[in-house]
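Asks: Below is the file target.cif, which contains mmCIF, C-alpha atoms.
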data_entry
loop_
_atom_site.label_atom_id
_atom_site.label_comp_id
_atom_site.auth_asym_id
_atom_site.auth_seq_id
_atom_site.Cartn_x
_atom_site.Cartn_y
_atom_site.Cartn_z
CA MET A 1 13.98 1.80 -10.65
CA ARG A 2 10.54 0.35 -9.87
CA ILE A 3 7.56 2.61 -9.18
CA LEU A 4 4.12 1.71 -7.84
CA LEU A 5 1.48 3.93 -9.47
CA VAL A 6 -1.86 3.97 -7.63
CA GLU A 7 -4.23 5.77 -9.99
CA ASP A 8 -7.78 4.82 -11.01
CA GLU A 9 -8.20 7.25 -13.92
CA PRO A 10 -7.22 5.28 -17.07
CA GLU A 11 -5.99 8.14 -19.23
CA MET A 12 -3.89 9.66 -16.46
CA ALA A 13 -2.43 6.25 -15.58
CA ALA A 14 -1.55 5.50 -19.21
CA ALA A 15 0.07 8.90 -19.71
CA LEU A 16 2.09 8.66 -16.50
CA SER A 17 3.20 5.08 -17.21
CA ALA A 18 4.36 6.02 -20.70
CA ALA A 19 6.21 9.10 -19.44
CA LEU A 20 7.95 7.18 -16.64
CA ASN A 21 8.97 4.44 -19.05
CA VAL A 22 10.80 7.07 -21.08
CA TYR A 23 12.86 7.73 -17.95
CA ASP A 24 13.71 4.00 -17.68
CA MET A 25 11.26 3.33 -14.84
CA VAL A 26 9.45 0.04 -14.36
CA VAL A 27 5.86 0.93 -13.48
CA ASP A 28 3.43 -1.32 -11.61
CA HIS A 29 -0.02 0.20 -12.02
CA VAL A 30 -2.94 -0.57 -9.70
CA THR A 31 -6.30 1.18 -9.36
CA THR A 32 -7.42 0.50 -5.78
CA LEU A 33 -6.13 0.61 -2.22
CA ALA A 34 -6.61 -3.14 -1.88
CA ALA A 35 -4.48 -3.80 -4.96
CA ALA A 36 -1.84 -1.35 -3.72
CA GLU A 37 -1.59 -3.15 -0.38
CA GLU A 38 -1.13 -6.45 -2.20
CA ALA A 39 1.49 -4.94 -4.53
CA VAL A 40 3.67 -3.56 -1.71
CA SER A 41 3.52 -6.91 0.05
CA LEU A 42 4.75 -8.74 -3.06
CA VAL A 43 7.50 -6.49 -4.43
CA ALA A 44 9.86 -3.79 -3.14
CA HIS A 45 9.37 -0.44 -4.88
CA ASP A 46 11.64 2.59 -4.96
CA ALA A 47 8.70 5.00 -4.66
CA VAL A 48 4.89 5.13 -4.63
CA LEU A 49 2.88 7.63 -6.66
CA LEU A 50 -0.48 7.79 -4.92
CA ASP A 51 -3.82 9.30 -5.90
CA ARG A 52 -6.12 10.33 -3.04
CA GLN A 53 -9.56 9.68 -4.50
CA LEU A 54 -9.66 5.93 -5.12
CA PRO A 55 -12.70 3.68 -5.64
CA ASP A 56 -12.28 1.97 -2.27
CA GLY A 57 -11.25 4.91 -0.12
CA GLU A 58 -8.85 7.72 0.72
CA GLY A 59 -5.40 7.08 -0.77
CA LEU A 60 -3.64 8.53 2.26
CA SER A 61 -4.81 5.55 4.32
CA LEU A 62 -2.16 3.45 2.54
CA ILE A 63 0.70 5.38 4.15
CA PRO A 64 0.24 4.33 7.81
CA LYS A 65 -0.14 0.74 6.65
CA LEU A 66 3.22 1.00 4.89
CA ARG A 67 4.90 2.52 7.91
CA ALA A 68 3.41 -0.09 10.23
CA ARG A 69 5.32 -2.66 8.18
CA ALA A 70 8.55 -0.65 8.69
CA ASP A 71 8.37 0.17 4.98
CA GLY A 72 10.03 3.54 4.38
CA THR A 73 9.31 3.69 0.65
CA PRO A 74 8.87 7.36 -0.33
CA VAL A 75 5.28 8.33 -1.21
CA ILE A 76 4.40 11.22 -3.51
CA VAL A 77 0.72 12.10 -3.59
CA LEU A 78 -0.60 13.05 -7.06
CA THR A 79 -4.10 14.47 -6.83
CA ALA A 80 -6.58 16.98 -8.15
CA ARG A 81 -7.08 18.14 -4.55
CA GLY A 82 -4.64 21.02 -4.54
CA GLU A 83 -6.04 23.46 -2.00
CA LEU A 84 -3.77 24.53 0.84
CA SER A 85 -5.79 22.50 3.37
CA ASP A 86 -5.52 19.41 1.14
CA ARG A 87 -1.75 19.79 0.82
CA ILE A 88 -1.38 20.21 4.57
CA SER A 89 -3.53 17.15 5.32
CA GLY A 90 -1.57 15.12 2.79
CA LEU A 91 1.82 16.01 4.21
CA ASP A 92 0.58 15.62 7.78
CA GLY A 93 -0.81 12.24 6.69
CA GLY A 94 2.71 11.01 6.01
CA ALA A 95 3.30 11.82 2.34
CA ASP A 96 6.91 12.65 1.46
CA ASP A 97 5.72 15.11 -1.18
CA TYR A 98 2.45 16.40 -2.63
CA LEU A 99 1.86 17.39 -6.25
CA ALA A 100 -1.43 18.80 -7.52
CA LYS A 101 -2.73 17.89 -10.96
CA PRO A 102 -2.11 18.99 -13.62
CA PHE A 103 1.68 18.94 -13.42
CA ALA A 104 4.67 18.63 -15.77
CA ILE A 105 6.41 15.25 -15.90
CA GLU A 106 9.74 17.09 -15.50
CA GLU A 107 8.59 18.42 -12.12
CA LEU A 108 7.47 14.95 -11.05
CA MET A 109 10.87 13.51 -12.00
CA ALA A 110 12.65 16.27 -10.05
CA ARG A 111 10.51 15.51 -6.99
CA LEU A 112 11.20 11.77 -7.38
CA ARG A 113 14.93 12.44 -7.47
CA ALA A 114 14.60 14.63 -4.39
CA VAL A 115 12.79 12.06 -2.24
CA LEU A 116 15.13 9.29 -3.38
CA ARG A 117 18.12 11.36 -2.25
CA ARG A 118 16.83 11.58 1.30
CA PRO A 119 18.58 9.66 4.12
CA VAL A 120 15.94 6.89 4.11
CA ALA A 121 17.72 5.38 1.13
CA LEU A 122 21.27 6.29 2.21
CA ARG A 123 22.40 5.70 -1.37
CA SER A 124 25.39 7.20 -3.17
CA ASP A 125 24.57 8.95 -6.41
CA LEU A 126 27.78 7.86 -8.11
CA VAL A 127 29.68 4.56 -8.17
CA LEU A 128 32.98 3.76 -9.90
CA VAL A 129 34.01 0.15 -10.55
CA GLY A 130 37.00 -0.45 -12.82
CA SER A 131 36.50 2.07 -15.62
CA LEU A 132 32.72 1.87 -15.30
CA THR A 133 30.96 4.87 -13.78
CA PHE A 134 27.26 4.79 -12.94
CA ASP A 135 25.29 7.85 -11.89
CA PHE A 136 22.20 6.66 -10.00
CA GLY A 137 20.73 10.15 -9.84
CA HIS A 138 20.71 10.65 -13.61
CA ARG A 139 20.56 6.94 -14.60
CA GLU A 140 23.66 7.25 -16.79
CA ALA A 141 26.60 4.90 -17.35
CA SER A 142 30.00 5.54 -18.90
CA VAL A 143 33.15 3.52 -19.52
CA GLY A 144 36.44 5.36 -19.45
CA GLY A 145 34.56 8.63 -19.61
CA ARG A 146 32.64 7.62 -22.74
CA PRO A 147 28.84 7.44 -22.41
CA LEU A 148 27.49 3.90 -22.51
CA GLU A 149 24.16 3.82 -24.30
CA LEU A 150 21.99 1.02 -22.90
CA PRO A 151 18.41 -0.02 -23.65
CA ARG A 152 16.07 0.42 -20.69
CA ARG A 153 16.13 -3.18 -19.46
CA GLU A 154 19.90 -3.57 -19.75
CA LEU A 155 20.22 -0.33 -17.78
CA LEU A 156 17.92 -1.71 -15.07
CA VAL A 157 19.89 -4.96 -14.89
CA LEU A 158 23.14 -3.01 -14.48
CA GLU A 159 21.65 -0.69 -11.86
CA THR A 160 20.33 -3.61 -9.81
CA LEU A 161 23.62 -5.52 -9.96
CA LEU A 162 25.60 -2.42 -8.98
CA ARG A 163 23.36 -1.73 -5.99
CA ARG A 164 24.28 -5.20 -4.70
CA MET A 165 27.81 -5.37 -6.07
CA GLY A 166 29.78 -8.35 -4.80
CA ARG A 167 26.62 -10.23 -3.83
CA THR A 168 24.58 -12.71 -5.81
CA VAL A 169 21.31 -11.24 -7.04
CA LEU A 170 18.58 -13.82 -7.44
CA ARG A 171 16.99 -14.21 -10.87
CA ALA A 172 13.62 -13.41 -9.32
CA SER A 173 14.97 -10.15 -7.87
CA LEU A 174 16.42 -9.12 -11.23
CA GLU A 175 13.17 -9.92 -13.00
CA GLU A 176 11.25 -7.86 -10.42
CA ALA A 177 13.58 -4.92 -11.11
CA VAL A 178 13.31 -5.19 -14.88
CA TYR A 179 9.71 -6.23 -15.59
CA GLY A 180 6.34 -4.89 -14.47
CA PHE A 181 3.39 -6.97 -13.31
CA ASP A 182 1.82 -6.97 -16.78
CA ASP A 183 4.97 -7.74 -18.79
CA GLU A 184 5.27 -11.13 -20.44
CA ILE A 185 8.67 -12.64 -19.58
CA GLN A 186 10.21 -15.10 -22.02
CA SER A 187 12.16 -17.91 -20.34
CA ASN A 188 15.57 -16.70 -21.58
CA ALA A 189 14.86 -12.96 -21.76
CA LEU A 190 16.88 -12.07 -18.64
CA ASP A 191 19.86 -14.13 -19.84
CA THR A 192 19.74 -12.28 -23.17
CA HIS A 193 19.87 -8.89 -21.43
CA VAL A 194 22.80 -10.02 -19.28
CA SER A 195 24.67 -11.46 -22.28
CA ARG A 196 24.37 -8.20 -24.22
CA LEU A 197 25.39 -6.22 -21.15
CA ARG A 198 28.49 -8.40 -20.68
CA ARG A 199 29.64 -7.64 -24.22
CA LYS A 200 29.22 -3.90 -23.68
CA LEU A 201 31.21 -4.08 -20.42
CA ALA A 202 34.02 -6.21 -21.87
CA ASP A 203 36.59 -3.40 -21.47
CA ALA A 204 35.17 -1.86 -18.29
CA GLY A 205 37.11 -3.90 -15.74
CA VAL A 206 34.01 -5.60 -14.31
CA GLU A 207 32.62 -9.11 -14.64
CA ILE A 208 29.10 -10.49 -14.44
CA HIS A 209 29.14 -14.06 -13.20
CA GLY A 210 26.19 -16.38 -13.66
CA ILE A 211 25.35 -18.69 -10.76
CA ARG A 212 23.52 -21.54 -12.46
CA GLY A 213 19.90 -21.73 -11.38
CA VAL A 214 20.38 -18.94 -8.81
CA GLY A 215 21.21 -15.56 -10.32
CA TYR A 216 24.04 -13.19 -11.22
CA LEU A 217 26.94 -11.50 -9.47
CA LEU A 218 28.80 -8.34 -10.56
CA LYS A 219 32.32 -7.68 -9.31
CA ARG A 220 35.55 -5.93 -10.26
CA GLN A 221 37.94 -7.93 -12.43
CA PRO A 222 41.00 -9.17 -10.53
#
So, in terms of structure tokens, how does the structure I just supplied come out?
Replies:
Amino acid sequence: MRILLVEDEPEMAAALSAALNVYDMVVDHVTTLAAAEEAVSLVAHDAVLLDRQLPDGEGLSLIPKLRARADGTPVIVLTARGELSDRISGLDGGADDYLAKPFAIEELMARLRAVLRRPVALRSDLVLVGSLTFDFGHREASVGGRPLELPRRELLVLETLLRRMGRTVLRASLEEAVYGFDDEIQSNALDTHVSRLRRKLADAGVEIHGIRGVGYLLKRQP
């Protein structure tokens, strides 16, 4: 899952990024409205975490620009402005949810799960392919009922392939799902993640096919 974090306060941004990484999120962090607009034009995100008081303006002004592009990405406002009037203006301004600082990361994760369950995404929480089960809501995989422990990036590769099962996923799309803007990507890093994932899924009744120079395809074994 890829999150755009729009937050100009360095300590808050670092703490949030670290906490979200623990939950296997890829975080793209920007500090201004201008950078946020560029980010959403470059990469698809699953959700936006948006501060209101940014160096170049009111954070809420990003939301109508998203919607004008027919971009329904959920937006959760994270702000120190927690008065009733602020919450009302934020929700009326198009935010999907509004969370006043300080807050517990567990509450933020619960709110993220809630907005991602809404009909905009129309996504099933659970998928079963062969003996592989993947729970999108809890980011958990199992094979034959046994939990499958995966490092964060292998988990993100599997999640992305399952969301587009039966279709070829371009290398660039997989890299966007697995790496943040500031991550250094070695030339064969993605192939290494896929190779390790293949070995762990050897008895799961699914196959990951490599399309040379194009990407990867996950499908049920015949």
Asks: If we count all atoms listed in the file and set the cut-off at 12 Å, which residues sit around Phe136 of chain A, ignoring sequence neighbours fewer than 2 positions away in its own chain? Please answer as an MDAnalysis selection string.
Replies: chainID A and resid 1 24 113 116:117 123:128 133:134 138:142 155:156 158:160 162:163
Asks: Determine the residue set returned by the PyMOL selection byres ((chain A and resi 4) around 8) for the present structure, and present it as a PyMOL selection string.
Replies: chain A and resi 2-3+5-6+27-30+36+39+45+47-49
Asks: Evaluated on this file, the PyMOL selection byres ((chain A and resi 208) around 6) picks out some residues - which ones are they, written as a PyMOL selection string?
Replies: chain A and resi 207+209+217-218
Asks: Select, from A:Thr32, A:Gln186, A:Ser17, A:Ser173, the residue with the minimum atom-to-atom distance to Leu62 of chain A, counting all atoms listed in the file.
Replies: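 Result for the nearest residue to Leu62 of chain A: A:Thr32.
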Asks: To test your reading of the syntax: which residues would the PyMOL selection byres ((chain A and resi 69-82) around 6) return for the file shown? Reply as a list in words.
Replies: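 Checking the PyMOL selection byres ((chain A and resi 69-82) around 6) against this file, the residues are Ala47, Val48, Leu49, Leu50, Asp51, Arg52, Leu66, Arg67, Ala68, Glu83, Asp86, Ala95, Asp96, Asp97, Tyr98, Leu99, Ala100 and Lys101 of chain A.
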Asks: Any chance you can output those residues with C-alpha atoms as a short mmCIF file (atom, residue, chain, number, x, y, z; two decimals), in the frame of the given file?
Replies:
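out.cif was written with the following content:
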data_model
loop_
_atom_site.label_atom_id
_atom_site.label_comp_id
_atom_site.auth_asym_id
_atom_site.auth_seq_id
_atom_site.Cartn_x
_atom_site.Cartn_y
_atom_site.Cartn_z
CA ALA A 47 8.70 5.00 -4.66
CA VAL A 48 4.89 5.13 -4.63
CA LEU A 49 2.88 7.63 -6.66
CA LEU A 50 -0.48 7.79 -4.92
CA ASP A 51 -3.82 9.30 -5.90
CA ARG A 52 -6.12 10.33 -3.04
CA LEU A 66 3.22 1.00 4.89
CA ARG A 67 4.90 2.52 7.91
CA ALA A 68 3.41 -0.09 10.23
CA GLU A 83 -6.04 23.46 -2.00
CA ASP A 86 -5.52 19.41 1.14
CA ALA A 95 3.30 11.82 2.34
CA ASP A 96 6.91 12.65 1.46
CA ASP A 97 5.72 15.11 -1.18
CA TYR A 98 2.45 16.40 -2.63
CA LEU A 99 1.86 17.39 -6.25
CA ALA A 100 -1.43 18.80 -7.52
CA LYS A 101 -2.73 17.89 -10.96
#
Asks: So which one's closest to Thr168 of chain A, A:Val40, A:Ser85, A:Gly90, A:Lys219? Using only C-alpha atoms, please.
Replies: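 Checking each of A:Val40, A:Ser85, A:Gly90, A:Lys219 against Thr168 of chain A, counting only C-alpha atoms, the winner is A:Lys219.
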